[in-house]
>>> print(open('model-v5.cif').read())   # mmCIF, C-alpha atoms and all ligand atoms
data_input
#
loop_
_atom_site.label_atom_id
_atom_site.label_comp_id
_atom_site.auth_asym_id
_atom_site.auth_seq_id
_atom_site.Cartn_x
_atom_site.Cartn_y
_atom_site.Cartn_z
CA MET P 269 0.00 0.00 0.00
CA ASN P 270 3.01 2.31 -0.05
CA TYR P 271 2.83 2.89 -3.78
CA ASN P 272 1.12 5.94 -5.21
CA ILE P 273 -2.10 5.44 -7.10
CA GLU P 274 -0.65 5.65 -10.64
CA THR P 275 1.71 2.80 -9.72
CA ARG P 276 -1.11 0.79 -8.15
CA CYS P 277 -3.11 1.06 -11.39
CA ILE P 278 -0.36 -1.04 -12.97
CA HIS P 279 1.07 -3.14 -10.15
CA GLY P 280 -1.66 -3.22 -7.49
CA ASP P 281 -0.04 -3.47 -4.08
CA GLY P 282 2.97 -5.00 -5.80
CA ASP P 283 2.53 -8.41 -4.24
CA ASN P 284 3.81 -10.72 -6.97
CA LEU P 285 1.33 -9.52 -9.55
CA SER P 286 3.96 -9.69 -12.26
CA GLU P 287 5.29 -13.15 -11.37
CA HIS P 288 3.77 -15.09 -14.23
CA SER P 289 5.10 -18.13 -16.06
CA PHE P 290 8.02 -17.47 -18.44
CA GLY P 291 8.32 -13.93 -17.06
CA SER P 292 5.16 -12.91 -18.91
CA LEU P 293 4.54 -9.29 -17.92
CA SER P 294 0.87 -9.37 -18.73
CA VAL P 295 -1.46 -11.73 -16.94
CA PRO P 296 -2.26 -14.96 -18.80
CA ILE P 297 -5.94 -15.44 -19.69
CA TYR P 298 -6.84 -18.62 -17.83
CA GLN P 299 -9.66 -19.58 -20.15
CA THR P 300 -10.78 -22.59 -18.16
CA ALA P 301 -13.99 -23.55 -16.41
CA THR P 302 -12.39 -25.94 -13.96
CA PHE P 303 -9.08 -26.87 -12.31
CA ALA P 304 -7.63 -30.32 -11.70
CA HIS P 305 -6.98 -31.29 -8.08
CA PRO P 306 -3.48 -32.55 -7.17
CA GLY P 307 -5.04 -35.12 -4.80
CA ILE P 308 -8.13 -35.87 -2.74
CA GLY P 309 -8.96 -32.90 -0.56
CA GLN P 310 -6.25 -30.86 -2.27
CA SER P 311 -6.58 -27.74 -4.38
CA THR P 312 -4.27 -25.52 -6.42
CA GLY P 313 -6.14 -22.62 -4.83
CA PHE P 314 -8.62 -22.67 -7.71
CA ASP P 315 -11.42 -25.20 -8.15
CA TYR P 316 -14.04 -23.78 -10.51
CA SER P 317 -14.05 -20.46 -12.36
CA ARG P 318 -17.47 -19.30 -11.16
CA GLU P 319 -15.97 -19.11 -7.69
CA SER P 320 -12.50 -17.89 -8.61
CA ASN P 321 -10.10 -17.72 -11.53
CA PRO P 322 -6.45 -16.57 -11.57
CA THR P 323 -6.95 -13.86 -14.21
CA ARG P 324 -9.97 -12.46 -12.42
CA LYS P 325 -8.25 -12.71 -9.05
CA GLU P 326 -5.45 -10.50 -10.30
CA LEU P 327 -8.00 -7.90 -11.44
CA GLU P 328 -9.82 -8.06 -8.10
CA LYS P 329 -6.57 -7.49 -6.22
CA ILE P 330 -5.81 -4.41 -8.32
CA VAL P 331 -9.27 -2.92 -7.74
CA SER P 332 -9.03 -3.69 -4.00
CA SER P 333 -5.68 -1.93 -3.93
CA LEU P 334 -7.11 1.13 -5.70
CA GLU P 335 -10.21 1.33 -3.48
CA GLY P 336 -8.45 0.43 -0.23
CA ALA P 337 -10.85 -2.53 0.03
CA ALA P 338 -10.47 -5.74 2.02
CA ASP P 339 -11.98 -7.59 -0.93
CA THR P 340 -13.51 -6.97 -4.36
CA VAL P 341 -15.57 -9.24 -6.56
CA ALA P 342 -15.51 -8.67 -10.33
CA CYS P 343 -18.97 -9.06 -11.86
CA SER P 344 -20.19 -9.47 -15.43
CA THR P 345 -21.68 -5.93 -15.48
CA GLY P 346 -22.24 -2.97 -13.20
CA MET P 347 -25.87 -4.04 -12.82
CA ALA P 348 -24.74 -7.51 -11.73
CA ALA P 349 -22.76 -5.79 -8.95
CA VAL P 350 -25.81 -3.74 -7.93
CA SER P 351 -27.92 -6.90 -7.94
CA LEU P 352 -25.35 -8.79 -5.85
CA CYS P 353 -25.28 -5.92 -3.37
CA LEU P 354 -29.06 -6.18 -2.93
CA GLU P 355 -28.67 -9.90 -2.09
CA LEU P 356 -26.95 -8.86 1.15
CA PHE P 357 -30.24 -7.54 2.56
CA GLU P 358 -33.27 -9.24 4.09
CA GLY P 359 -36.81 -8.69 2.78
CA GLY P 360 -38.47 -5.70 4.44
CA SER P 361 -35.33 -3.56 4.22
CA HIS P 362 -35.72 0.09 3.32
CA PHE P 363 -33.06 1.99 1.35
CA LEU P 364 -32.57 5.73 1.29
CA CYS P 365 -31.18 6.68 -2.11
CA THR P 366 -29.79 9.72 -3.87
CA ASP P 367 -32.76 11.03 -5.88
CA ASP P 368 -30.67 11.25 -9.00
CA LEU P 369 -29.31 7.73 -9.48
CA TYR P 370 -28.28 5.90 -12.63
CA GLY P 371 -31.58 4.93 -14.28
CA GLY P 372 -30.76 1.21 -14.35
CA SER P 373 -30.33 1.22 -10.59
CA VAL P 374 -33.75 2.84 -10.16
CA ARG P 375 -35.18 0.20 -12.51
CA ILE P 376 -33.76 -2.75 -10.56
CA PHE P 377 -34.95 -1.19 -7.29
CA THR P 378 -38.52 -0.60 -8.45
CA THR P 379 -38.90 -4.00 -10.11
CA VAL P 380 -36.67 -6.76 -8.72
CA GLY P 381 -36.05 -4.91 -5.44
CA GLU P 382 -39.70 -4.28 -4.66
CA ARG P 383 -40.58 -7.89 -5.52
CA LYS P 384 -38.06 -8.98 -2.90
CA GLY P 385 -39.95 -6.90 -0.35
CA PHE P 386 -37.52 -3.97 -0.30
CA SER P 387 -38.64 -0.36 -0.30
CA PHE P 388 -36.77 2.70 -1.53
CA SER P 389 -37.03 6.43 -0.86
CA TYR P 390 -35.28 9.02 -2.98
CA VAL P 391 -33.99 12.21 -1.40
CA ASP P 392 -31.55 14.95 -2.26
CA THR P 393 -28.58 13.46 -0.40
CA SER P 394 -26.54 16.62 -1.03
CA ASP P 395 -28.61 17.96 1.90
CA PRO P 396 -27.83 15.78 4.98
CA ALA P 397 -30.85 17.21 6.87
CA GLN P 398 -33.18 15.71 4.24
CA VAL P 399 -31.49 12.34 4.62
CA GLU P 400 -31.94 12.24 8.38
CA LYS P 401 -35.59 13.28 8.08
CA ALA P 402 -36.35 10.46 5.65
CA ILE P 403 -34.97 7.61 7.79
CA GLN P 404 -37.57 4.99 8.66
CA LYS P 405 -37.65 2.27 11.32
CA ASN P 406 -36.65 -0.35 8.75
CA THR P 407 -34.01 1.72 6.92
CA LYS P 408 -30.92 -0.43 6.46
CA ALA P 409 -28.70 1.49 4.07
CA LEU P 410 -27.93 4.75 2.33
CA TYR P 411 -27.36 4.31 -1.40
CA ILE P 412 -25.33 7.21 -2.76
CA GLU P 413 -23.96 8.42 -6.07
CA THR P 414 -21.66 11.41 -5.89
CA PRO P 415 -21.47 13.24 -8.23
CA SER P 416 -24.96 12.08 -9.11
CA ASN P 417 -26.14 10.98 -12.50
CA PRO P 418 -26.95 13.07 -14.49
CA THR P 419 -27.43 16.33 -12.56
CA MET P 420 -24.00 16.17 -10.85
CA LYS P 421 -25.10 16.84 -7.29
CA VAL P 422 -22.38 16.24 -4.71
CA THR P 423 -23.06 14.36 -1.46
CA ASP P 424 -20.88 14.85 1.61
CA LEU P 425 -19.79 11.27 2.35
CA ALA P 426 -18.45 12.00 5.84
CA ALA P 427 -21.84 13.51 6.75
CA MET P 428 -23.55 10.36 5.41
CA LYS P 429 -21.26 8.19 7.53
CA LYS P 430 -22.19 10.19 10.62
CA ILE P 431 -25.90 9.69 9.99
CA ALA P 432 -25.37 6.02 9.18
CA ASP P 433 -23.52 5.45 12.45
CA LYS P 434 -26.22 7.20 14.44
CA TYR P 435 -28.95 4.95 12.99
CA GLY P 436 -26.94 1.77 12.38
CA LEU P 437 -27.11 1.89 8.58
CA LEU P 438 -24.72 0.71 5.88
CA VAL P 439 -23.31 3.25 3.44
CA ILE P 440 -23.23 2.10 -0.19
CA VAL P 441 -21.53 4.32 -2.76
CA ASP P 442 -21.66 3.88 -6.52
CA ASN P 443 -18.23 5.32 -7.36
CA THR P 444 -18.48 4.90 -11.15
CA PHE P 445 -18.23 8.61 -12.02
CA LEU P 446 -15.04 9.50 -10.13
CA THR P 447 -13.40 6.05 -9.93
CA PRO P 448 -10.86 5.18 -7.21
CA TYR P 449 -8.36 7.40 -8.99
CA PHE P 450 -10.25 10.47 -7.78
CA GLN P 451 -12.32 9.24 -4.83
CA ASN P 452 -12.10 6.48 -2.21
CA PRO P 453 -15.46 6.12 -0.43
CA ILE P 454 -14.20 3.36 1.91
CA ALA P 455 -11.67 5.78 3.41
CA LEU P 456 -14.61 8.17 3.97
CA GLY P 457 -16.64 5.53 5.80
CA ALA P 458 -18.50 3.62 3.08
CA ASP P 459 -19.18 -0.07 3.79
CA LEU P 460 -19.72 -1.04 0.17
CA VAL P 461 -18.50 0.47 -3.10
CA ILE P 462 -20.04 -0.36 -6.46
CA HIS P 463 -18.56 0.27 -9.89
CA SER P 464 -19.72 -0.08 -13.41
CA GLY P 465 -16.31 -1.22 -14.66
CA THR P 466 -17.71 -0.74 -18.15
CA LYS P 467 -17.07 2.98 -17.82
CA PHE P 468 -13.77 4.63 -16.78
CA LEU P 469 -12.11 1.50 -15.36
CA CYS P 470 -12.31 -0.35 -18.67
CA GLY P 471 -12.10 3.01 -20.38
CA HIS P 472 -12.33 1.94 -24.01
CA ASN P 473 -16.07 1.47 -24.59
CA ASP P 474 -15.42 -2.18 -25.44
CA THR P 475 -16.13 -4.38 -22.40
CA LEU P 476 -18.85 -4.71 -19.76
CA ALA P 477 -17.85 -5.26 -16.13
CA GLY P 478 -18.82 -4.41 -12.57
CA PHE P 479 -17.25 -4.45 -9.11
CA LEU P 480 -18.48 -4.76 -5.57
CA CYS P 481 -15.85 -3.76 -3.02
CA THR P 482 -15.93 -3.70 0.76
CA GLY P 483 -13.56 -2.63 3.48
CA ARG P 484 -15.21 -5.01 5.97
CA LYS P 485 -14.09 -8.62 6.38
CA ASP P 486 -17.52 -9.74 7.64
CA LEU P 487 -19.26 -8.34 4.55
CA ALA P 488 -16.49 -9.67 2.28
CA GLU P 489 -17.21 -13.20 3.50
CA LYS P 490 -20.96 -12.86 2.83
CA ILE P 491 -20.30 -11.35 -0.61
CA ARG P 492 -17.93 -14.18 -1.60
CA PHE P 493 -20.58 -16.74 -0.66
CA LEU P 494 -23.32 -14.94 -2.61
CA TYR P 495 -20.98 -14.38 -5.57
CA LYS P 496 -20.22 -18.06 -6.09
CA THR P 497 -23.86 -18.89 -5.42
CA VAL P 498 -25.58 -16.53 -7.85
CA GLY P 499 -22.86 -16.82 -10.54
CA CYS P 500 -22.51 -13.23 -11.72
CA CYS P 501 -18.76 -13.51 -12.35
CA LEU P 502 -16.65 -11.72 -14.96
CA SER P 503 -15.11 -13.94 -17.66
CA PRO P 504 -11.31 -14.49 -17.79
CA PHE P 505 -11.01 -12.63 -21.09
CA ASP P 506 -13.01 -9.63 -19.88
CA SER P 507 -10.96 -9.66 -16.66
CA PHE P 508 -7.85 -9.33 -18.83
CA MET P 509 -9.46 -6.42 -20.71
CA LEU P 510 -10.16 -4.64 -17.43
CA ILE P 511 -6.61 -5.17 -16.15
CA ARG P 512 -5.34 -3.70 -19.39
CA GLY P 513 -7.74 -0.75 -19.18
CA ILE P 514 -6.92 0.10 -15.57
CA LYS P 515 -3.18 0.32 -16.33
CA THR P 516 -3.86 3.68 -18.07
CA LEU P 517 -6.59 4.93 -15.70
CA ALA P 518 -4.45 7.71 -14.23
CA VAL P 519 -3.30 9.25 -17.50
CA ARG P 520 -6.71 8.89 -19.10
CA LEU P 521 -8.54 10.56 -16.25
CA GLU P 522 -6.08 13.45 -15.96
CA LYS P 523 -6.41 14.19 -19.67
CA GLN P 524 -10.20 13.69 -19.75
CA GLN P 525 -10.63 15.96 -16.74
CA LYS P 526 -8.52 18.68 -18.35
CA SER P 527 -10.58 18.51 -21.53
CA ALA P 528 -13.83 18.47 -19.53
CA LEU P 529 -12.92 21.71 -17.78
CA TYR P 530 -12.07 23.28 -21.13
CA LEU P 531 -15.37 22.13 -22.65
CA ALA P 532 -17.46 23.12 -19.60
CA LYS P 533 -16.10 26.66 -19.91
CA TRP P 534 -16.59 26.61 -23.68
CA LEU P 535 -20.20 25.41 -23.35
CA LYS P 536 -20.92 28.12 -20.76
CA ALA P 537 -19.94 30.76 -23.29
CA GLN P 538 -22.34 29.50 -25.99
CA GLU P 539 -25.50 31.47 -26.60
CA LYS P 540 -27.71 28.38 -27.07
CA ILE P 541 -26.48 26.66 -23.89
CA ARG P 542 -28.43 27.69 -20.80
CA GLU P 543 -26.82 25.91 -17.88
CA VAL P 544 -23.69 23.81 -17.47
CA TYR P 545 -23.36 21.24 -14.68
CA TYR P 546 -19.71 20.35 -14.11
CA VAL P 547 -18.35 19.73 -10.63
CA GLY P 548 -14.97 21.21 -11.62
CA LEU P 549 -16.42 24.71 -12.12
CA PRO P 550 -15.99 26.73 -8.91
CA THR P 551 -19.55 28.05 -9.43
CA HIS P 552 -20.95 24.49 -9.12
CA PRO P 553 -22.85 24.18 -5.79
CA GLY P 554 -20.98 20.98 -4.91
CA TYR P 555 -17.51 22.23 -5.83
CA THR P 556 -16.24 22.74 -2.27
CA VAL P 557 -17.63 19.52 -0.80
CA ASN P 558 -16.23 17.54 -3.73
CA ALA P 559 -12.83 19.22 -3.41
CA GLY P 560 -12.80 18.25 0.27
CA GLN P 561 -13.44 14.54 -0.32
CA ALA P 562 -12.08 13.78 -3.79
CA ARG P 563 -8.85 14.37 -5.69
CA GLY P 564 -10.60 15.48 -8.87
CA PHE P 565 -13.85 16.32 -10.58
CA GLY P 566 -14.01 13.79 -13.38
CA SER P 567 -15.03 14.33 -16.96
CA MET P 568 -18.82 14.16 -16.97
CA ILE P 569 -20.67 17.31 -17.98
CA SER P 570 -24.40 17.86 -18.21
CA PHE P 571 -25.95 20.91 -19.79
CA ARG P 572 -29.22 22.44 -20.78
CA THR P 573 -29.94 23.84 -24.22
CA ASP P 574 -32.24 26.80 -24.98
CA THR P 575 -34.80 24.65 -26.80
CA GLU P 576 -35.64 21.02 -27.49
CA GLU P 577 -34.79 21.70 -31.13
CA THR P 578 -31.21 22.65 -30.19
CA ALA P 579 -30.83 19.49 -28.11
CA ARG P 580 -32.08 17.30 -30.97
CA LYS P 581 -29.89 19.11 -33.47
CA LEU P 582 -26.83 18.49 -31.32
CA LEU P 583 -27.59 14.79 -30.99
CA GLU P 584 -28.18 14.38 -34.70
CA ARG P 585 -25.35 16.52 -36.03
CA VAL P 586 -22.33 15.61 -33.92
CA LYS P 587 -19.75 13.77 -36.02
CA LEU P 588 -16.68 13.17 -33.88
CA ILE P 589 -18.78 12.74 -30.76
CA SER P 590 -21.21 9.81 -30.84
CA TYR P 591 -24.83 9.97 -29.78
CA ALA P 592 -24.70 6.95 -27.48
CA GLU P 593 -25.32 5.66 -24.00
CA SER P 594 -22.45 4.93 -21.61
CA LEU P 595 -19.53 7.05 -20.47
CA GLY P 596 -15.94 7.09 -19.36
CA GLY P 597 -14.28 5.71 -22.49
CA THR P 598 -11.77 6.90 -25.04
CA GLU P 599 -14.55 8.11 -27.39
CA SER P 600 -16.64 11.12 -26.35
CA LEU P 601 -20.33 10.34 -26.06
CA LEU P 602 -23.38 12.56 -25.99
CA THR P 603 -26.40 11.11 -24.20
CA TYR P 604 -30.06 12.10 -24.06
CA PRO P 605 -30.84 11.03 -20.46
CA MET P 606 -34.59 11.53 -20.88
CA LEU P 607 -34.76 8.83 -23.58
CA GLN P 608 -31.70 6.71 -22.76
CA THR P 609 -30.13 6.26 -19.33
CA HIS P 610 -33.16 7.60 -17.43
CA GLY P 611 -35.94 6.49 -19.78
CA ASP P 612 -37.39 4.18 -17.13
CA VAL P 613 -37.38 6.76 -14.33
CA PRO P 614 -40.98 7.85 -13.60
CA VAL P 615 -41.86 11.11 -15.40
CA GLU P 616 -42.71 13.03 -12.20
CA ILE P 617 -39.30 12.23 -10.70
CA ARG P 618 -37.49 13.01 -13.94
CA GLU P 619 -39.20 16.38 -14.33
CA LYS P 620 -38.52 17.24 -10.69
CA LEU P 621 -34.82 16.54 -11.26
CA GLY P 622 -34.85 18.61 -14.43
CA ILE P 623 -34.11 15.68 -16.76
CA THR P 624 -36.18 17.14 -19.58
CA GLU P 625 -36.04 17.42 -23.37
CA THR P 626 -33.38 20.16 -23.18
CA PHE P 627 -31.05 18.23 -20.87
CA LEU P 628 -27.96 16.51 -22.33
CA ARG P 629 -24.99 14.66 -20.85
CA LEU P 630 -21.51 14.64 -22.32
CA SER P 631 -18.83 12.11 -21.47
CA VAL P 632 -15.56 13.70 -22.48
CA GLY P 633 -13.19 11.19 -24.06
CA LEU P 634 -9.56 11.33 -25.07
CA GLU P 635 -9.85 13.29 -28.32
CA ASN P 636 -8.27 16.73 -28.61
CA GLU P 637 -10.46 19.21 -26.71
CA GLU P 638 -10.44 21.81 -29.49
CA ASP P 639 -11.63 19.19 -31.98
CA LEU P 640 -14.45 18.31 -29.59
CA ALA P 641 -15.45 21.98 -29.20
CA ALA P 642 -15.37 22.40 -32.98
CA ASP P 643 -17.65 19.41 -33.39
CA LEU P 644 -20.15 20.83 -30.89
CA LYS P 645 -19.88 24.22 -32.60
CA GLN P 646 -20.77 22.88 -36.05
CA ALA P 647 -23.65 20.90 -34.54
CA LEU P 648 -25.00 23.99 -32.76
CA ALA P 649 -24.76 26.25 -35.81
C1 LIG P 701 -23.51 2.29 -16.26
C2 LIG P 701 -23.73 2.46 -14.82
C3 LIG P 701 -24.20 1.39 -14.04
C4 LIG P 701 -24.52 0.04 -14.64
O1 LIG P 701 -23.38 -0.57 -15.16
P1 LIG P 701 -23.37 -1.59 -16.43
O2 LIG P 701 -21.95 -1.95 -16.52
O3 LIG P 701 -23.90 -0.82 -17.59
O4 LIG P 701 -24.25 -2.72 -16.05
C5 LIG P 701 -24.35 1.61 -12.67
N1 LIG P 701 -24.09 2.81 -12.12
C6 LIG P 701 -23.66 3.85 -12.85
C7 LIG P 701 -23.38 5.15 -12.17
C8 LIG P 701 -23.48 3.72 -14.22
O5 LIG P 701 -23.06 4.76 -14.93
#
>>> encode(input="model-v5.cif", output="structure tokens", more="lines below")
Ligand SMILES: *Cc1c(COP(=O)(O)O)cnc(C)c1O
Amino acid sequence: MNYNIETRCIHGDGDNLSEHSFGSLSVPIYQTATFAHPGIGQSTGFDYSRESNPTRKELEKIVSSLEGAADTVACSTGMAAVSLCLELFEGGSHFLCTDDLYGGSVRIFTTVGERKGFSFSYVDTSDPAQVEKAIQKNTKALYIETPSNPTMKVTDLAAMKKIADKYGLLVIVDNTFLTPYFQNPIALGADLVIHSGTKFLCGHNDTLAGFLCTGRKDLAEKIRFLYKTVGCCLSPFDSFMLIRGIKTLAVRLEKQQKSALYLAKWLKAQEKIREVYYVGLPTHPGYTVNAGQARGFGSMISFRTDTEETARKLLERVKLISYAESLGGTESLLTYPMLQTHGDVPVEIREKLGITETFLRLSVGLENEEDLAADLKQALA
């Protein structure tokens, strides 16, 4: 744990990660379902790949190192990690959630979650007073995204931890937007950290993955049992892809953040753009709280156009930027949250959050920032 984070992206904690057969620097892809036993009651340490696999184990160790976790399980998708997290709770549990969550999380809560007998309330977690007021007798956990998706509200994680301790709740943080490179929720008191590894961790818009991390040994043991039981594991090949992606996490995020700040300022100066939501702008309401708990602001920008026509024009006319769902990869993506990521969020909630026909989300990729601005400019014209 003495290494700095850029080094840990490549070597994890440094404990023999690079000791592979023949001096192979990159991890072999152990494309096997099962492992032969040396003798009765003996194991090589691996028995069956649903439970564990050497390629995936190496990835899990790297993510644990980055998040400061006691253990991490690598799942087939981010949603598989969210689903696994829900398995930790008994029927009747109530969850207090950030009102502005990833739409897929809201969908699993209101369908699968409610069928399991869970209930969910959505509050503006950037205001701790609202969180405390909404706690019920059966509340078991706070479920937080900070910055939130897509309106970029920032939640004070230390304040959440304080409330959680007072009422005996778990703190769950979906850390997809900032990644462990910029933010470590476990160090700020979170019990569980979720990632869509599909986004910045993979970073190349080419592989789906998810992670569930915990700093607690007791929870780690329960998660490992559920993980092998439900079978939501990441394949050896995709584990390799994630290891490869994470090696460049630090340089990618620094560059993407720099471009995002440039584009947030550029968007602010455009006549047809009404409001820009980027946590890295000092005028953003969550700027100070974020600066106090994270090492960066990320590269996700949301903005509002003057009219629906402008929003549609942008989506249809961008050339370098793709009109697509997802985020965090090498290619810049423009998303229409109302129809895409948040299409299944009930209309009343969506309107209350301001996710309307003029609201767009931009994931800033690794292209040159002036080229990206020029693309937006021609689309706006
Ligand atoms: C994409 C995303 C998810 C779901 O992850 P998948 O890998 O698409 O299943 C969960 N949370 C956030 C914040 C996301 O952006």
>>> atom_distance(input="model-v5.cif", atom1="CA of Pro453 in chain P", atom2="CA of Thr414 in chain P")
9.8 Å
>>> residues_near_ligand(input="model-v5.cif", ligand="ligand LIG 701 (chain P)", cutoff="8 Å", atoms="only C-alpha atoms and all ligand atoms", output="PyMOL selection string")
chain P and resi 344-350+369-370+372-373+413+416-417+442-445+462-467+476-478+594-595
>>> closest_residue(input="model-v5.cif", among="P:Ala397, P:Leu648, P:Ala427, P:Val586", to="Gln538 in chain P", atoms="only C-alpha atoms")
P:Leu648
>>> closest_residue(input="model-v5.cif", among="P:Glu355, P:Gln398, P:Glu326, P:Ala426", to="Gly560 in chain P", atoms="all atoms listed in the file")
P:Ala426
>>> atom_distance(input="model-v5.cif", atom1="CA of Lys405 in chain P", atom2="CA of Ala455 in chain P")
27.4 Å
>>> residues_around(input="model-v5.cif", residues="Arg375 in chain P", least_positions_apart="5", cutoff="12 Å", atoms="only C-alpha atoms", output="PyMOL selection string")
chain P and resi 347+350-351+369-370+380-383+388+609-614
>>> axis_aligned_box(input="model-v5.cif", around="range 602-606 of chain P", padding_each_side="6 Å", output="AutoDock Vina command-line options")
--center_x -29.0 --center_y 11.8 --center_z -23.2 --size_x 23.2 --size_y 13.5 --size_z 17.5
>>> residues_around(input="model-v5.cif", residues="range 561-567 of chain P", least_positions_apart="3", cutoff="7 Å", atoms="all atoms listed in the file", output="VMD selection string")
chain P and resid 445 to 446 450 to 451 521 524 to 525 528 547 to 548 557 to 558 631 to 632
>>> write_last_selection(input="model-v5.cif", atoms="C-alpha atoms", output="PDB file, keeping the file's coordinate frame")
ATOM      1  CA  PHE P 445     -18.230   8.610 -12.020  1.00  0.00           C
ATOM      2  CA  LEU P 446     -15.040   9.500 -10.130  1.00  0.00           C
ATOM      3  CA  PHE P 450     -10.250  10.470  -7.780  1.00  0.00           C
ATOM      4  CA  GLN P 451     -12.320   9.240  -4.830  1.00  0.00           C
ATOM      5  CA  LEU P 521      -8.540  10.560 -16.250  1.00  0.00           C
ATOM      6  CA  GLN P 524     -10.200  13.690 -19.750  1.00  0.00           C
ATOM      7  CA  GLN P 525     -10.630  15.960 -16.740  1.00  0.00           C
ATOM      8  CA  ALA P 528     -13.830  18.470 -19.530  1.00  0.00           C
ATOM      9  CA  VAL P 547     -18.350  19.730 -10.630  1.00  0.00           C
ATOM     10  CA  GLY P 548     -14.970  21.210 -11.620  1.00  0.00           C
ATOM     11  CA  VAL P 557     -17.630  19.520  -0.800  1.00  0.00           C
ATOM     12  CA  ASN P 558     -16.230  17.540  -3.730  1.00  0.00           C
ATOM     13  CA  SER P 631     -18.830  12.110 -21.470  1.00  0.00           C
ATOM     14  CA  VAL P 632     -15.560  13.700 -22.480  1.00  0.00           C
TER      15      VAL P 632
END
>>> residues_around(input="model-v5.cif", residues="Gly633 in chain P", least_positions_apart="2", cutoff="10 Å", atoms="only C-alpha atoms", output="list in words")
Phe468, Gly471, His472, Arg520, Leu521, Lys523, Gln524, Gln525, Ser527, Ala528, Ser567, Met568, Ile589, Leu595, Gly596, Gly597, Thr598, Glu599, Ser600, Leu601, Leu630, Ser631, Glu635, Asn636, Glu637 and Leu640 of chain P
>>> closest_residue(input="model-v5.cif", among="P:Leu460, P:Leu634, P:His288, P:Leu334", to="Asp486 in chain P", atoms="all atoms listed in the file")
P:Leu460
>>> atom_distance(input="model-v5.cif", atom1="CA of Ala432 in chain P", atom2="CA of Val331 in chain P")
25.0 Å
>>> residues_around(input="model-v5.cif", residues="Leu535 in chain P", least_positions_apart="5", cutoff="10 Å", atoms="only C-alpha atoms", output="ChimeraX atom specification")
/P:529-530,540-544,569,571-573,641,644-645
>>> closest_residue(input="model-v5.cif", among="P:Thr624, P:Ser332, P:Asn270, P:Thr556", to="Asp424 in chain P", atoms="only C-alpha atoms")
P:Thr556
>>> closest_residue(input="model-v5.cif", among="P:Asp395, P:Asp281, P:Glu319, P:Asp368", to="Ile623 in chain P", atoms="all atoms listed in the file")
P:Asp368
>>> residues_around(input="model-v5.cif", residues="Thr300 in chain P", least_positions_apart="2", cutoff="12 Å", atoms="all atoms listed in the file", output="ChimeraX atom specification")
/P:296-298,302-304,314-318,320-324,503-505
>>> closest_residue(input="model-v5.cif", among="P:Glu489, P:Glu400, P:Asp643, P:Glu358", to="Gly385 in chain P", atoms="all atoms listed in the file")
P:Glu358
>>> residues_near_point(input="model-v5.cif", point="(-32.0, 17.7, -5.0)", cutoff="12 Å", atoms="all atoms listed in the file", output="ChimeraX atom specification")
/P:365-369,390-399,415-423,553-554,617-622
>>> build_atoms(input="model-v5.cif", residues="range 468-479 of chain P", atoms="N, CA and C atoms", output="PDB file, in the coordinates of the input")
ATOM      1  N   PHE P 468     -15.163   4.157 -16.787  1.00  0.00           N
ATOM      2  CA  PHE P 468     -13.770   4.630 -16.780  1.00  0.00           C
ATOM      3  C   PHE P 468     -12.761   3.515 -16.535  1.00  0.00           C
ATOM      4  N   LEU P 469     -13.108   2.517 -15.720  1.00  0.00           N
ATOM      5  CA  LEU P 469     -12.110   1.500 -15.360  1.00  0.00           C
ATOM      6  C   LEU P 469     -11.681   0.723 -16.606  1.00  0.00           C
ATOM      7  N   CYS P 470     -12.646   0.266 -17.375  1.00  0.00           N
ATOM      8  CA  CYS P 470     -12.310  -0.350 -18.670  1.00  0.00           C
ATOM      9  C   CYS P 470     -11.780   0.755 -19.596  1.00  0.00           C
ATOM     10  N   GLY P 471     -12.579   1.785 -19.743  1.00  0.00           N
ATOM     11  CA  GLY P 471     -12.100   3.010 -20.380  1.00  0.00           C
ATOM     12  C   GLY P 471     -12.047   3.040 -21.887  1.00  0.00           C
ATOM     13  N   HIS P 472     -12.452   1.982 -22.552  1.00  0.00           N
ATOM     14  CA  HIS P 472     -12.330   1.940 -24.010  1.00  0.00           C
ATOM     15  C   HIS P 472     -13.638   1.626 -24.718  1.00  0.00           C
ATOM     16  N   ASN P 473     -14.746   1.732 -24.005  1.00  0.00           N
ATOM     17  CA  ASN P 473     -16.070   1.470 -24.590  1.00  0.00           C
ATOM     18  C   ASN P 473     -16.134   0.110 -25.286  1.00  0.00           C
ATOM     19  N   ASP P 474     -15.395  -0.887 -24.749  1.00  0.00           N
ATOM     20  CA  ASP P 474     -15.420  -2.180 -25.440  1.00  0.00           C
ATOM     21  C   ASP P 474     -15.714  -3.395 -24.568  1.00  0.00           C
ATOM     22  N   THR P 475     -15.899  -3.216 -23.264  1.00  0.00           N
ATOM     23  CA  THR P 475     -16.130  -4.380 -22.400  1.00  0.00           C
ATOM     24  C   THR P 475     -17.061  -4.014 -21.254  1.00  0.00           C
ATOM     25  N   LEU P 476     -17.966  -4.907 -20.911  1.00  0.00           N
ATOM     26  CA  LEU P 476     -18.850  -4.710 -19.760  1.00  0.00           C
ATOM     27  C   LEU P 476     -18.219  -5.358 -18.529  1.00  0.00           C
ATOM     28  N   ALA P 477     -18.333  -4.684 -17.381  1.00  0.00           N
ATOM     29  CA  ALA P 477     -17.850  -5.260 -16.130  1.00  0.00           C
ATOM     30  C   ALA P 477     -18.430  -4.486 -14.959  1.00  0.00           C
ATOM     31  N   GLY P 478     -18.370  -5.096 -13.781  1.00  0.00           N
ATOM     32  CA  GLY P 478     -18.820  -4.410 -12.570  1.00  0.00           C
ATOM     33  C   GLY P 478     -18.003  -4.871 -11.383  1.00  0.00           C
ATOM     34  N   PHE P 479     -17.991  -4.067 -10.323  1.00  0.00           N
ATOM     35  CA  PHE P 479     -17.250  -4.450  -9.110  1.00  0.00           C
ATOM     36  C   PHE P 479     -18.083  -4.152  -7.877  1.00  0.00           C
TER      37      PHE P 479
END
